$ cat run.cif   # mmCIF, C-alpha atoms
data_data
loop_
_atom_site.label_atom_id
_atom_site.label_comp_id
_atom_site.auth_asym_id
_atom_site.auth_seq_id
_atom_site.Cartn_x
_atom_site.Cartn_y
_atom_site.Cartn_z
CA MET I 1346 8.66 -16.30 -5.60
CA SER I 1347 5.56 -18.27 -4.67
CA GLY I 1348 3.83 -19.40 -1.52
CA PHE I 1349 0.65 -19.32 0.50
CA ARG I 1350 -0.87 -20.51 3.76
CA ARG I 1351 -4.00 -22.26 4.93
CA LEU I 1352 -5.64 -22.42 8.34
CA GLY I 1353 -7.40 -25.77 8.70
CA ASP I 1354 -9.46 -27.73 11.23
CA ILE I 1355 -9.60 -31.46 11.77
CA LEU I 1356 -12.73 -31.91 13.83
CA ILE I 1357 -12.89 -35.70 14.15
CA ASN I 1358 -10.33 -38.13 15.48
CA GLY I 1359 -8.41 -39.52 12.49
CA GLY I 1360 -9.91 -36.96 10.09
CA THR I 1361 -8.19 -35.58 6.98
CA GLU I 1362 -8.17 -32.35 4.96
CA GLU I 1363 -6.85 -31.76 1.45
CA THR I 1364 -5.31 -28.55 0.09
CA VAL I 1365 -4.70 -28.09 -3.64
CA ILE I 1366 -1.46 -26.37 -4.67
CA PRO I 1367 -2.21 -24.57 -7.97
CA SER I 1368 0.39 -24.90 -10.71
CA SER I 1369 0.88 -21.12 -10.55
CA GLU I 1370 2.36 -21.57 -7.06
CA VAL I 1371 5.00 -24.12 -8.16
CA GLU I 1372 8.41 -23.07 -9.49
CA SER I 1373 9.88 -25.94 -11.56
CA ASP I 1374 13.47 -25.17 -10.57
CA GLN I 1375 12.80 -24.60 -6.86
CA PRO I 1376 11.99 -27.02 -4.02
CA LEU I 1377 8.34 -27.28 -2.99
CA GLN I 1378 8.17 -27.13 0.79
CA MET I 1379 5.11 -28.00 2.89
CA THR I 1380 5.09 -27.36 6.65
CA VAL I 1381 2.29 -28.17 9.11
CA PHE I 1382 2.13 -26.41 12.49
CA PRO I 1383 -0.42 -28.24 14.71
CA PHE I 1384 -2.31 -26.37 17.44
CA GLY I 1385 -3.74 -27.76 20.64
CA SER I 1386 -3.74 -31.55 20.89
CA LEU I 1387 -3.52 -32.33 17.16
CA ASP I 1388 -1.02 -35.08 16.23
CA ALA I 1389 -0.51 -34.16 12.56
CA GLN I 1390 0.57 -36.28 9.62
CA VAL I 1391 1.23 -34.99 6.08
CA ARG I 1392 1.44 -36.40 2.54
CA LEU I 1393 1.93 -34.92 -0.95
CA GLU I 1394 -0.05 -36.33 -3.89
CA GLY I 1395 -0.03 -35.57 -7.62
CA ASP I 1396 0.36 -36.97 -11.11
CA ALA I 1397 4.16 -36.85 -11.10
CA PRO I 1398 7.08 -39.21 -10.49
CA ASP I 1399 7.92 -40.24 -6.91
CA LEU I 1400 4.45 -39.36 -5.63
CA PRO I 1401 2.76 -39.84 -3.27
CA LEU I 1402 5.40 -38.74 -0.80
CA PRO I 1403 6.07 -40.60 1.39
CA SER I 1404 5.22 -43.63 -0.71
CA GLY I 1405 4.06 -45.77 2.20
CA GLY I 1406 1.52 -43.43 3.78
CA PHE I 1407 2.06 -40.22 5.78
CA ARG I 1408 5.06 -38.36 7.18
CA GLU I 1409 4.93 -38.24 10.96
CA SER I 1410 7.67 -37.32 13.39
CA GLY I 1411 5.38 -38.32 16.22
CA GLY I 1412 3.82 -36.43 19.07
CA ILE I 1413 1.06 -33.94 19.72
CA GLY I 1414 1.93 -30.45 18.48
CA VAL I 1415 5.06 -31.57 16.60
CA VAL I 1416 5.75 -29.65 13.38
CA GLU I 1417 5.73 -31.81 10.23
CA GLN I 1418 7.52 -30.93 6.98
CA LEU I 1419 7.87 -32.38 3.48
CA THR I 1420 10.19 -31.15 0.71
CA TYR I 1421 9.76 -32.20 -2.92
CA ASP I 1422 11.72 -31.26 -6.06
CA PRO I 1423 9.02 -30.81 -8.72
CA VAL I 1424 9.53 -32.64 -11.98
CA GLU I 1425 6.35 -31.12 -13.38
CA ALA I 1426 5.49 -27.46 -12.71
CA ASN I 1427 2.39 -27.26 -14.89
CA ILE I 1428 0.21 -29.56 -12.77
CA GLU I 1429 -1.65 -29.24 -9.49
CA TYR I 1430 -0.39 -30.98 -6.38
CA THR I 1431 -2.41 -31.89 -3.29
CA VAL I 1432 -1.30 -31.80 0.35
CA VAL I 1433 -3.19 -34.08 2.72
CA VAL I 1434 -3.10 -33.35 6.46
CA ARG I 1435 -4.37 -36.05 8.84
CA ASP I 1436 -4.76 -36.60 12.55
CA ASP I 1437 -3.00 -39.87 13.37
CA GLY I 1438 -6.15 -41.27 15.00
CA THR I 1439 -4.43 -42.83 17.98
CA ASN I 1440 -5.16 -40.03 20.43
CA SER I 1441 -8.42 -38.49 21.47
CA GLY I 1442 -7.14 -35.04 20.51
CA PHE I 1443 -7.81 -33.18 17.28
CA GLY I 1444 -7.94 -29.50 16.33
CA SER I 1445 -6.51 -26.76 14.14
CA TYR I 1446 -3.34 -26.32 12.14
CA LEU I 1447 -1.41 -23.88 9.98
CA LEU I 1448 -0.20 -25.20 6.62
CA GLU I 1449 2.51 -23.18 4.84
CA ILE I 1450 3.44 -23.85 1.20
CA SER I 1451 6.50 -22.23 -0.37
CA SER I 1452 8.26 -22.59 -3.69
CA GLU I 1453 10.99 -20.00 -3.98
CA ASP I 1454 14.67 -19.33 -4.51
CA SER I 1455 16.26 -20.14 -1.16
CA ARG I 1456 19.01 -17.59 -1.85
CA ASN I 1457 16.66 -14.87 -0.69
CA ASP I 1458 16.67 -16.25 2.86
CA ILE I 1459 19.87 -14.38 3.77
CA SER I 1460 21.27 -10.95 2.91
CA ASN I 1461 24.53 -12.24 1.40
CA THR I 1462 22.67 -13.95 -1.45
CA ALA I 1463 19.70 -11.56 -1.81
CA VAL I 1464 17.82 -12.00 -5.08
CA SER I 1465 18.31 -9.10 -7.49
CA ILE I 1466 15.11 -7.41 -8.68
CA GLY I 1467 16.89 -4.98 -11.01
CA ASN I 1468 17.01 -1.23 -11.31
CA VAL I 1469 14.53 0.90 -9.40
CA SER I 1470 13.73 2.78 -12.63
CA ASN I 1471 11.91 -0.38 -13.80
CA ASN I 1472 9.56 -0.20 -10.79
CA PRO I 1473 9.92 -3.90 -9.85
CA LEU I 1474 6.91 -5.69 -8.36
CA ILE I 1475 7.33 -8.96 -6.42
CA ASP I 1476 4.88 -11.48 -5.00
CA GLY I 1477 6.18 -13.52 -2.07
CA PHE I 1478 5.48 -15.31 1.18
CA VAL I 1479 6.95 -15.12 4.70
CA GLY I 1480 5.91 -17.06 7.75
CA ARG I 1481 7.03 -19.54 10.35
CA SER I 1482 8.79 -21.81 7.87
CA ASP I 1483 10.32 -18.93 5.86
CA THR I 1484 10.89 -15.96 8.15
CA ASP I 1485 12.91 -13.67 5.86
CA ASP I 1486 12.98 -12.66 2.19
CA TRP I 1487 15.87 -10.47 0.98
CA TYR I 1488 15.97 -8.53 -2.30
CA GLU I 1489 18.59 -6.28 -3.88
CA PHE I 1490 17.89 -3.33 -6.19
CA GLU I 1491 19.99 -0.71 -7.93
CA VAL I 1492 19.66 3.08 -7.98
CA SER I 1493 21.47 4.58 -10.97
CA GLY I 1494 21.16 8.21 -9.95
CA ASN I 1495 19.99 10.18 -6.94
CA SER I 1496 16.28 9.39 -6.73
CA GLN I 1497 13.34 9.48 -4.40
CA VAL I 1498 12.25 5.87 -3.95
CA ARG I 1499 9.03 4.50 -2.48
CA LEU I 1500 8.72 0.93 -1.17
CA THR I 1501 5.24 -0.46 -0.49
CA LEU I 1502 4.66 -3.74 1.33
CA ASP I 1503 1.10 -5.08 1.02
CA PRO I 1504 0.62 -8.16 3.24
CA ILE I 1505 -2.46 -10.19 2.33
CA GLN I 1506 -3.41 -12.04 5.52
CA ASP I 1507 -1.21 -11.01 8.42
CA ASN I 1508 1.46 -8.76 9.92
CA ALA I 1509 4.81 -8.22 8.22
CA GLU I 1510 7.72 -5.82 8.44
CA LEU I 1511 9.56 -3.93 5.71
CA GLU I 1512 13.19 -2.87 6.13
CA LEU I 1513 15.54 -0.93 3.84
CA TYR I 1514 19.33 -1.29 4.13
CA ASP I 1515 22.39 -0.01 2.34
CA ARG I 1516 24.86 -2.56 0.95
CA GLY I 1517 26.82 -2.41 4.22
CA LEU I 1518 23.70 -3.67 6.07
CA ASN I 1519 23.12 -0.34 7.80
CA LEU I 1520 19.40 0.09 8.44
CA ILE I 1521 18.02 3.13 6.58
CA ASP I 1522 14.31 2.85 7.45
CA SER I 1523 11.63 0.35 8.45
CA ALA I 1524 7.83 0.13 8.43
CA GLN I 1525 5.22 -2.13 9.99
CA ALA I 1526 2.54 -3.56 7.73
CA GLU I 1527 -0.81 -5.20 8.41
CA ALA I 1528 -3.50 -6.72 6.21
CA THR I 1529 -5.48 -3.45 6.34
CA ASN I 1530 -2.51 -1.04 6.38
CA ASN I 1531 0.39 -1.21 3.95
CA GLY I 1532 3.95 -0.64 5.10
CA LEU I 1533 5.47 2.36 3.32
CA ILE I 1534 9.01 3.71 3.12
CA THR I 1535 9.94 6.81 1.12
CA GLN I 1536 13.60 7.82 0.96
CA THR I 1537 15.84 9.89 -1.27
CA LEU I 1538 18.69 7.51 -2.16
CA PRO I 1539 22.06 8.27 -3.78
CA THR I 1540 23.49 6.07 -6.51
CA GLY I 1541 24.22 2.55 -5.29
CA ASP I 1542 22.86 -0.88 -4.42
CA TYR I 1543 20.30 -1.41 -1.65
CA LEU I 1544 18.74 -4.32 0.20
CA VAL I 1545 15.11 -4.88 1.16
CA ARG I 1546 14.09 -7.32 3.86
CA VAL I 1547 10.52 -8.61 4.23
CA THR I 1548 10.00 -10.54 7.45
CA ALA I 1549 7.09 -12.09 9.29
CA ASP I 1550 6.21 -9.84 12.21
CA ASN I 1551 6.83 -11.25 15.68
CA THR I 1552 3.14 -11.79 16.50
CA SER I 1553 0.28 -12.89 14.27
CA ALA I 1554 -2.89 -10.84 14.20
CA SER I 1555 -4.95 -13.52 12.46
CA ILE I 1556 -3.82 -16.88 13.92
CA SER I 1557 -5.30 -17.76 17.28
CA ASP I 1558 -2.20 -19.30 18.85
CA GLY I 1559 -0.48 -15.90 19.06
CA GLY I 1560 2.70 -17.13 17.37
CA ARG I 1561 4.68 -15.68 14.51
CA ALA I 1562 2.78 -14.16 11.60
CA SER I 1563 2.24 -15.92 8.25
CA THR I 1564 1.27 -14.13 5.06
CA GLU I 1565 1.51 -13.71 1.33
CA TYR I 1566 2.60 -10.24 0.24
CA THR I 1567 3.23 -7.92 -2.67
CA LEU I 1568 6.31 -5.70 -2.62
CA ALA I 1569 6.47 -2.68 -4.96
CA VAL I 1570 9.67 -0.66 -5.39
CA GLN I 1571 9.02 2.56 -7.29
CA GLN I 1572 11.19 5.42 -8.45
CA ILE I 1573 9.47 8.77 -7.99
CA SER I 1574 10.63 11.04 -10.78
CA GLY I 1575 12.55 14.10 -9.59
CA ASN I 1576 12.91 15.41 -6.08
CA PRO I 1577 10.42 17.49 -4.08
CA GLY I 1578 10.79 21.13 -5.07
CA GLY I 1579 12.84 20.34 -8.16
CA GLY I 1580 10.49 19.67 -11.03
CA ASN I 1581 11.34 20.01 -14.71
CA PRO I 1582 11.31 23.54 -16.09
CA ASN I 1583 9.35 24.13 -19.24
CA PRO I 1584 10.33 27.57 -20.50
CA GLY I 1585 8.43 27.08 -23.74
CA GLY I 1586 5.22 28.34 -22.16
CA GLY I 1587 3.48 24.98 -21.84
CA GLY I 1588 3.77 24.80 -18.06
CA SER I 1589 5.23 26.29 -14.94
CA SER I 1590 8.63 27.92 -15.41
CA GLY I 1591 9.77 26.67 -11.98
CA GLY I 1592 8.64 23.05 -12.18
CA SER I 1593 5.46 21.47 -10.92
CA GLN I 1594 4.24 18.64 -8.74
CA ASP I 1595 1.14 16.49 -8.59
CA VAL I 1596 -1.69 17.04 -6.13
CA LEU I 1597 -3.47 13.84 -5.18
CA ARG I 1598 -7.05 13.62 -3.95
CA PHE I 1599 -8.18 11.28 -1.17
CA TRP I 1600 -11.66 10.60 0.18
CA ASN I 1601 -11.90 10.56 3.99
CA PHE I 1602 -14.45 7.89 4.91
CA SER I 1603 -14.77 9.36 8.43
CA SER I 1604 -15.41 13.04 7.64
CA LEU I 1605 -17.02 12.29 4.24
CA SER I 1606 -14.85 14.92 2.58
CA HIS I 1607 -11.76 15.20 0.38
CA ILE I 1608 -8.11 15.78 1.22
CA PHE I 1609 -5.81 17.36 -1.37
CA THR I 1610 -2.09 16.94 -0.82
CA ALA I 1611 1.23 17.29 -2.65
CA ASN I 1612 3.21 16.11 0.38
CA GLN I 1613 4.83 12.74 -0.34
CA ALA I 1614 5.00 11.65 3.29
CA GLU I 1615 1.28 12.35 3.70
CA ILE I 1616 0.49 10.62 0.39
CA ASP I 1617 2.28 7.51 1.66
CA GLU I 1618 0.52 7.72 5.03
CA LEU I 1619 -2.96 8.02 3.48
CA THR I 1620 -2.26 5.37 0.83
CA GLY I 1621 -1.28 3.01 3.63
CA GLN I 1622 -4.74 3.29 5.24
CA PRO I 1623 -7.11 2.02 2.52
CA THR I 1624 -9.93 1.38 4.99
CA SER I 1625 -9.87 5.02 6.12
CA PHE I 1626 -8.89 6.87 2.95
CA ARG I 1627 -9.61 6.16 -0.72
CA ALA I 1628 -7.02 7.32 -3.24
CA GLU I 1629 -8.76 9.10 -6.13
CA GLY I 1630 -5.81 10.01 -8.32
CA ASN I 1631 -3.98 13.10 -9.56
CA GLU I 1632 -6.60 15.87 -9.52
CA PHE I 1633 -4.31 18.65 -10.78
CA ASP I 1634 -0.70 19.84 -10.66
CA VAL I 1635 0.64 22.94 -8.94
CA PRO I 1636 3.73 25.09 -9.51
CA VAL I 1637 6.69 24.53 -7.21
CA ASN I 1638 8.34 27.94 -7.37
CA ASP I 1639 5.66 30.13 -9.00
CA GLY I 1640 2.33 31.46 -7.74
CA ASP I 1641 1.40 32.16 -4.11
CA PRO I 1642 1.13 29.82 -1.09
CA VAL I 1643 -2.24 28.18 -0.47
CA PHE I 1644 -2.87 27.51 3.22
CA ARG I 1645 -4.62 24.39 4.40
CA TYR I 1646 -7.06 24.72 7.30
CA LEU I 1647 -8.58 21.92 9.33
CA ASN I 1648 -12.19 22.49 10.44
CA THR I 1649 -12.21 20.80 13.86
CA ALA I 1650 -16.02 20.64 13.84
CA THR I 1651 -16.15 18.51 10.69
CA ASP I 1652 -12.57 17.19 10.27
CA SER I 1653 -12.74 18.60 6.72
CA ILE I 1654 -10.16 20.67 4.82
CA PHE I 1655 -10.39 24.27 3.59
CA LEU I 1656 -7.85 25.69 1.09
CA SER I 1657 -7.29 29.43 0.91
CA PHE I 1658 -4.72 32.09 0.03
CA GLU I 1659 -5.89 33.99 3.12
CA SER I 1660 -3.96 33.65 6.36
CA GLY I 1661 -5.44 34.33 9.82
CA ILE I 1662 -8.85 32.77 9.13
CA GLU I 1663 -8.68 31.14 12.56
CA ASN I 1664 -8.96 34.59 14.15
CA SER I 1665 -12.55 35.01 12.96
CA LEU I 1666 -13.50 31.33 12.68
CA PRO I 1667 -11.94 29.60 15.71
CA GLN I 1668 -13.07 26.12 14.60
CA PHE I 1669 -10.38 26.35 11.90
CA ILE I 1670 -6.72 25.50 12.50
CA ASN I 1671 -4.06 26.65 10.03
CA THR I 1672 -1.94 23.54 9.39
CA GLY I 1673 0.52 25.28 7.05
CA VAL I 1674 1.07 25.68 3.31
CA ALA I 1675 -0.55 22.97 1.22
CA PHE I 1676 1.08 24.02 -2.10
CA ASN I 1677 1.51 27.01 -4.40
CA ALA I 1678 -1.13 28.12 -6.90
CA TYR I 1679 -2.20 31.18 -8.91
CA ARG I 1680 -4.65 33.69 -7.41
CA PRO I 1681 -7.95 34.11 -9.31
CA VAL I 1682 -8.97 37.45 -10.78
CA GLY I 1683 -11.96 38.24 -8.54
CA THR I 1684 -14.92 35.98 -9.33
CA THR I 1685 -14.09 35.79 -13.02
CA GLU I 1686 -12.56 32.95 -15.01
CA ALA I 1687 -9.92 35.25 -16.45
CA ARG I 1688 -6.50 33.62 -16.38
CA PRO I 1689 -4.16 35.37 -13.89
CA ALA I 1690 -1.31 37.29 -15.48
CA ASP I 1691 1.32 35.17 -13.72
CA ALA I 1692 -0.25 31.84 -14.78
CA PRO I 1693 1.05 29.93 -17.83
CA ALA I 1694 -1.09 29.39 -20.92
CA ASN I 1695 -2.17 25.89 -19.90
CA ALA I 1696 -3.31 26.86 -16.38
CA ILE I 1697 -6.73 25.54 -15.33
CA PRO I 1698 -9.27 26.84 -12.80
CA VAL I 1699 -10.04 24.79 -9.69
CA TYR I 1700 -13.60 25.56 -8.59
CA ARG I 1701 -14.76 25.87 -4.97
CA LEU I 1702 -18.28 25.09 -3.72
CA THR I 1703 -19.80 25.20 -0.21
CA ASN I 1704 -22.10 22.56 1.31
CA LEU I 1705 -25.18 24.54 2.42
CA ASP I 1706 -26.91 21.53 4.04
CA ALA I 1707 -23.94 21.11 6.39
CA GLU I 1708 -23.98 24.79 7.40
CA GLN I 1709 -27.75 24.78 7.95
CA ALA I 1710 -27.41 21.81 10.28
CA ASN I 1711 -24.65 23.60 12.24
CA PRO I 1712 -23.10 27.00 11.39
CA LEU I 1713 -19.68 25.63 12.40
CA ASN I 1714 -19.86 22.95 9.72
CA ILE I 1715 -18.33 25.00 6.92
CA THR I 1716 -17.40 22.37 4.33
CA HIS I 1717 -16.03 22.89 0.84
CA PHE I 1718 -15.73 20.84 -2.33
CA TYR I 1719 -13.03 21.48 -4.95
CA THR I 1720 -12.90 20.24 -8.53
CA SER I 1721 -11.00 21.08 -11.69
CA ASP I 1722 -13.70 19.41 -13.81
CA PRO I 1723 -16.31 21.98 -14.98
CA ASN I 1724 -18.81 19.19 -15.69
CA ASN I 1725 -18.42 17.86 -12.15
CA ARG I 1726 -18.89 21.37 -10.82
CA GLN I 1727 -22.15 21.78 -12.74
CA LEU I 1728 -23.42 18.35 -11.70
CA VAL I 1729 -22.94 19.22 -8.01
CA LEU I 1730 -24.72 22.55 -8.44
CA ASP I 1731 -27.61 20.92 -10.31
CA THR I 1732 -28.19 17.99 -7.96
CA LEU I 1733 -26.97 19.03 -4.49
CA ASN I 1734 -27.50 22.00 -2.18
CA TYR I 1735 -24.15 23.70 -2.76
CA ARG I 1736 -23.23 27.37 -3.25
CA ASP I 1737 -20.92 28.25 -6.13
CA GLU I 1738 -17.88 30.19 -4.91
CA PHE I 1739 -16.34 30.38 -8.38
CA VAL I 1740 -12.60 29.77 -8.81
CA GLY I 1741 -10.73 28.92 -5.63
CA PHE I 1742 -7.32 29.01 -7.35
CA TRP I 1743 -5.65 28.31 -10.67
CA ALA I 1744 -3.46 25.24 -11.09
CA LEU I 1745 -1.92 23.13 -13.87
CA PRO I 1746 -3.28 20.13 -15.78
CA PRO I 1747 -2.67 16.79 -14.06
CA GLY I 1748 0.52 15.05 -15.03
CA THR I 1749 2.44 18.25 -15.90
CA ASP I 1750 6.08 17.58 -14.88
CA GLY I 1751 4.63 15.71 -11.92
CA LEU I 1752 6.79 14.56 -9.02
CA VAL I 1753 4.49 11.96 -7.51
#

$ encode --input "run.cif" --output "structure tokens"
Amino acid sequence: MSGFRRLGDILINGGTEETVIPSSEVESDQPLQMTVFPFGSLDAQVRLEGDAPDLPLPSGGFRESGGIGVVEQLTYDPVEANIEYTVVVRDDGTNSGFGSYLLEISSEDSRNDISNTAVSIGNVSNNPLIDGFVGRSDTDDWYEFEVSGNSQVRLTLDPIQDNAELELYDRGLNLIDSAQAEATNNGLITQTLPTGDYLVRVTADNTSASISDGGRASTEYTLAVQQISGNPGGGNPNPGGGGSSGGSQDVLRFWNFSSLSHIFTANQAEIDELTGQPTSFRAEGNEFDVPVNDGDPVFRYLNTATDSIFLSFESGIENSLPQFINTGVAFNAYRPVGTTEARPADAPANAIPVYRLTNLDAEQANPLNITHFYTSDPNNRQLVLDTLNYRDEFVGFWALPPGTDGLV
């Protein structure tokens, strides 16, 4: 599936602009379609050029339906897919008007335009990844995928230039879920799906956020369909002593650009939400794993003075520190043995300490600004202590190595 768009300007009466179509955007067995949407008083003409038979198209000059603002379209069946083509857009020169235009190029299997002939992208266990294009000339792309066994599935739509919408259906065309996507915020759907076939629809959103005429959106996109191994709370037991006996799940770390602090989460819905806001949160990977059914609950507190997160086994902290709000259990972990690095008796042999440090500069600026840093890397811990004004609070909790029977 290939396609892209270009926003152009013809600033002089009778002027022209050329757009190269790279060979990577041309499918040899699919029609190459070029559509020009003129804005304002532009009377557009269009021509396709290239070192291939039957070109230029049209042979006698330019395609023109006639009239200011009239959409122009050319369709060509490529004989050569390994060459570059060139689209030329021209103002017809007979009117005093000129201006902007949207050029959409697409070269894709037209079967994906409707649900009945959706293009198969295979089994979700293969984590298919698709590049595509939707816009005013190609409003809908439909894909079909297979789920072989009950699985948690995540769909991520990453539009490159403009708005788009992601929709998930069962084979009977019953809508399961949908998500809006923008150039700065991915659309994310996470669902636990039983065995069967499913349909995905990518469609141009009703209104463009990046084209000045306010019409329908137009954008390239990447669609990722991923199978998340296991189900939340399930895990894979490892009774041989190498990991948690009740299964484990990944904890992901995100950097909050606003509060300048980290968020640790094992909650898939929150992971999807934060991943979908790359301008606000930076994903920093799987910091450590935690047991699903073992250990004790670790509460997550929000410091309303700093918008930072505090993790603790202790409940009721808000009673003595009212700037903190208990937002519930973050995950389970193993309680440390005092301030030592002795492994807790209930922790498996491969358990690792997660260290906690306090930002003293923040507290000195304002006593309410209690801010903590957590790391499972002893070298990172020492670097912070050596170079920054932090207090060592030893082991905050014990966890499991990253990637141990992970669910994320």

$ residues_around --input "run.cif" --residues "stretch 1532-1541 of chain I" --least-positions-apart "2" --cutoff "10 Å" --atoms "all atoms listed in the file" --output "number ranges by chain"
I: 1490-1504, 1508-1513, 1515-1516, 1521-1530, 1543, 1568-1573, 1575-1577, 1613-1614, 1617-1618, 1620-1622

$ residues_near_point --input "run.cif" --point "(1.5, -21.3, -7.8)" --cutoff "12 Å" --atoms "only C-alpha atoms" --output "ChimeraX atom specification"
/I:1346-1350,1365-1373,1375,1377,1426-1430,1450-1453,1476-1478,1565

$ resolve_selection --input "run.cif" --expression "the PyMOL selection byres ((chain I and resi 1462) around 12)" --output "MDAnalysis selection string"
chainID I and resid 1454:1461 1463:1465 1486:1489 1516 1544

$ residues_near_point --input "run.cif" --point "(-25.5, 22.3, 5.2)" --cutoff "12 Å" --atoms "all atoms listed in the file" --output "number ranges by chain"
I: 1651, 1702-1717, 1733-1736

$ atom_distance --input "run.cif" --atom1 "atom CA of I:Arg1598" --atom2 "atom CA of I:Ile1475"
26.9 Å

$ build_atoms --input "run.cif" --residues "stretch 1624-1630 of chain I" --atoms "all heavy atoms" --output "mmCIF file, in the coordinates of the input"
data_model
loop_
_atom_site.group_PDB
_atom_site.id
_atom_site.type_symbol
_atom_site.label_atom_id
_atom_site.label_comp_id
_atom_site.auth_asym_id
_atom_site.auth_seq_id
_atom_site.Cartn_x
_atom_site.Cartn_y
_atom_site.Cartn_z
ATOM 1 N N THR I 1624 -8.607 1.465 4.379
ATOM 2 C CA THR I 1624 -9.930 1.380 4.990
ATOM 3 C C THR I 1624 -10.411 2.718 5.517
ATOM 4 O O THR I 1624 -11.589 2.875 5.825
ATOM 5 C CB THR I 1624 -9.931 0.357 6.146
ATOM 6 O OG1 THR I 1624 -8.971 0.761 7.137
ATOM 7 C CG2 THR I 1624 -9.595 -1.044 5.630
ATOM 8 N N SER I 1625 -9.501 3.689 5.627
ATOM 9 C CA SER I 1625 -9.870 5.020 6.120
ATOM 10 C C SER I 1625 -9.872 6.077 5.032
ATOM 11 O O SER I 1625 -10.631 7.048 5.107
ATOM 12 C CB SER I 1625 -8.895 5.454 7.235
ATOM 13 O OG SER I 1625 -8.941 4.564 8.331
ATOM 14 N N PHE I 1626 -9.016 5.878 4.005
ATOM 15 C CA PHE I 1626 -8.890 6.870 2.950
ATOM 16 C C PHE I 1626 -8.849 6.171 1.597
ATOM 17 O O PHE I 1626 -8.146 5.179 1.427
ATOM 18 C CB PHE I 1626 -7.630 7.716 3.128
ATOM 19 C CG PHE I 1626 -7.555 8.430 4.450
ATOM 20 C CD1 PHE I 1626 -6.875 7.857 5.507
ATOM 21 C CD2 PHE I 1626 -8.172 9.653 4.630
ATOM 22 C CE1 PHE I 1626 -6.802 8.502 6.735
ATOM 23 C CE2 PHE I 1626 -8.112 10.306 5.845
ATOM 24 C CZ PHE I 1626 -7.425 9.724 6.915
ATOM 25 N N ARG I 1627 -9.605 6.714 0.633
ATOM 26 C CA ARG I 1627 -9.610 6.160 -0.720
ATOM 27 C C ARG I 1627 -8.830 7.079 -1.651
ATOM 28 O O ARG I 1627 -9.156 8.264 -1.781
ATOM 29 C CB ARG I 1627 -11.048 6.014 -1.225
ATOM 30 C CG ARG I 1627 -11.139 5.430 -2.646
ATOM 31 C CD ARG I 1627 -12.583 5.296 -3.095
ATOM 32 N NE ARG I 1627 -13.247 6.575 -3.235
ATOM 33 C CZ ARG I 1627 -14.461 6.856 -2.734
ATOM 34 N NH1 ARG I 1627 -15.122 5.945 -2.063
ATOM 35 N NH2 ARG I 1627 -15.002 8.049 -2.924
ATOM 36 N N ALA I 1628 -7.793 6.536 -2.283
ATOM 37 C CA ALA I 1628 -7.020 7.320 -3.240
ATOM 38 C C ALA I 1628 -7.839 7.527 -4.509
ATOM 39 O O ALA I 1628 -8.363 6.578 -5.078
ATOM 40 C CB ALA I 1628 -5.717 6.608 -3.560
ATOM 41 N N GLU I 1629 -7.943 8.784 -4.972
ATOM 42 C CA GLU I 1629 -8.760 9.100 -6.130
ATOM 43 C C GLU I 1629 -7.956 9.748 -7.260
ATOM 44 O O GLU I 1629 -8.529 10.339 -8.174
ATOM 45 C CB GLU I 1629 -9.926 10.001 -5.725
ATOM 46 C CG GLU I 1629 -10.899 9.302 -4.775
ATOM 47 C CD GLU I 1629 -12.143 10.103 -4.472
ATOM 48 O OE1 GLU I 1629 -12.136 11.345 -4.701
ATOM 49 O OE2 GLU I 1629 -13.122 9.516 -4.011
ATOM 50 N N GLY I 1630 -6.627 9.621 -7.188
ATOM 51 C CA GLY I 1630 -5.810 10.010 -8.320
ATOM 52 C C GLY I 1630 -5.291 11.434 -8.298
ATOM 53 O O GLY I 1630 -5.496 12.199 -7.349
#
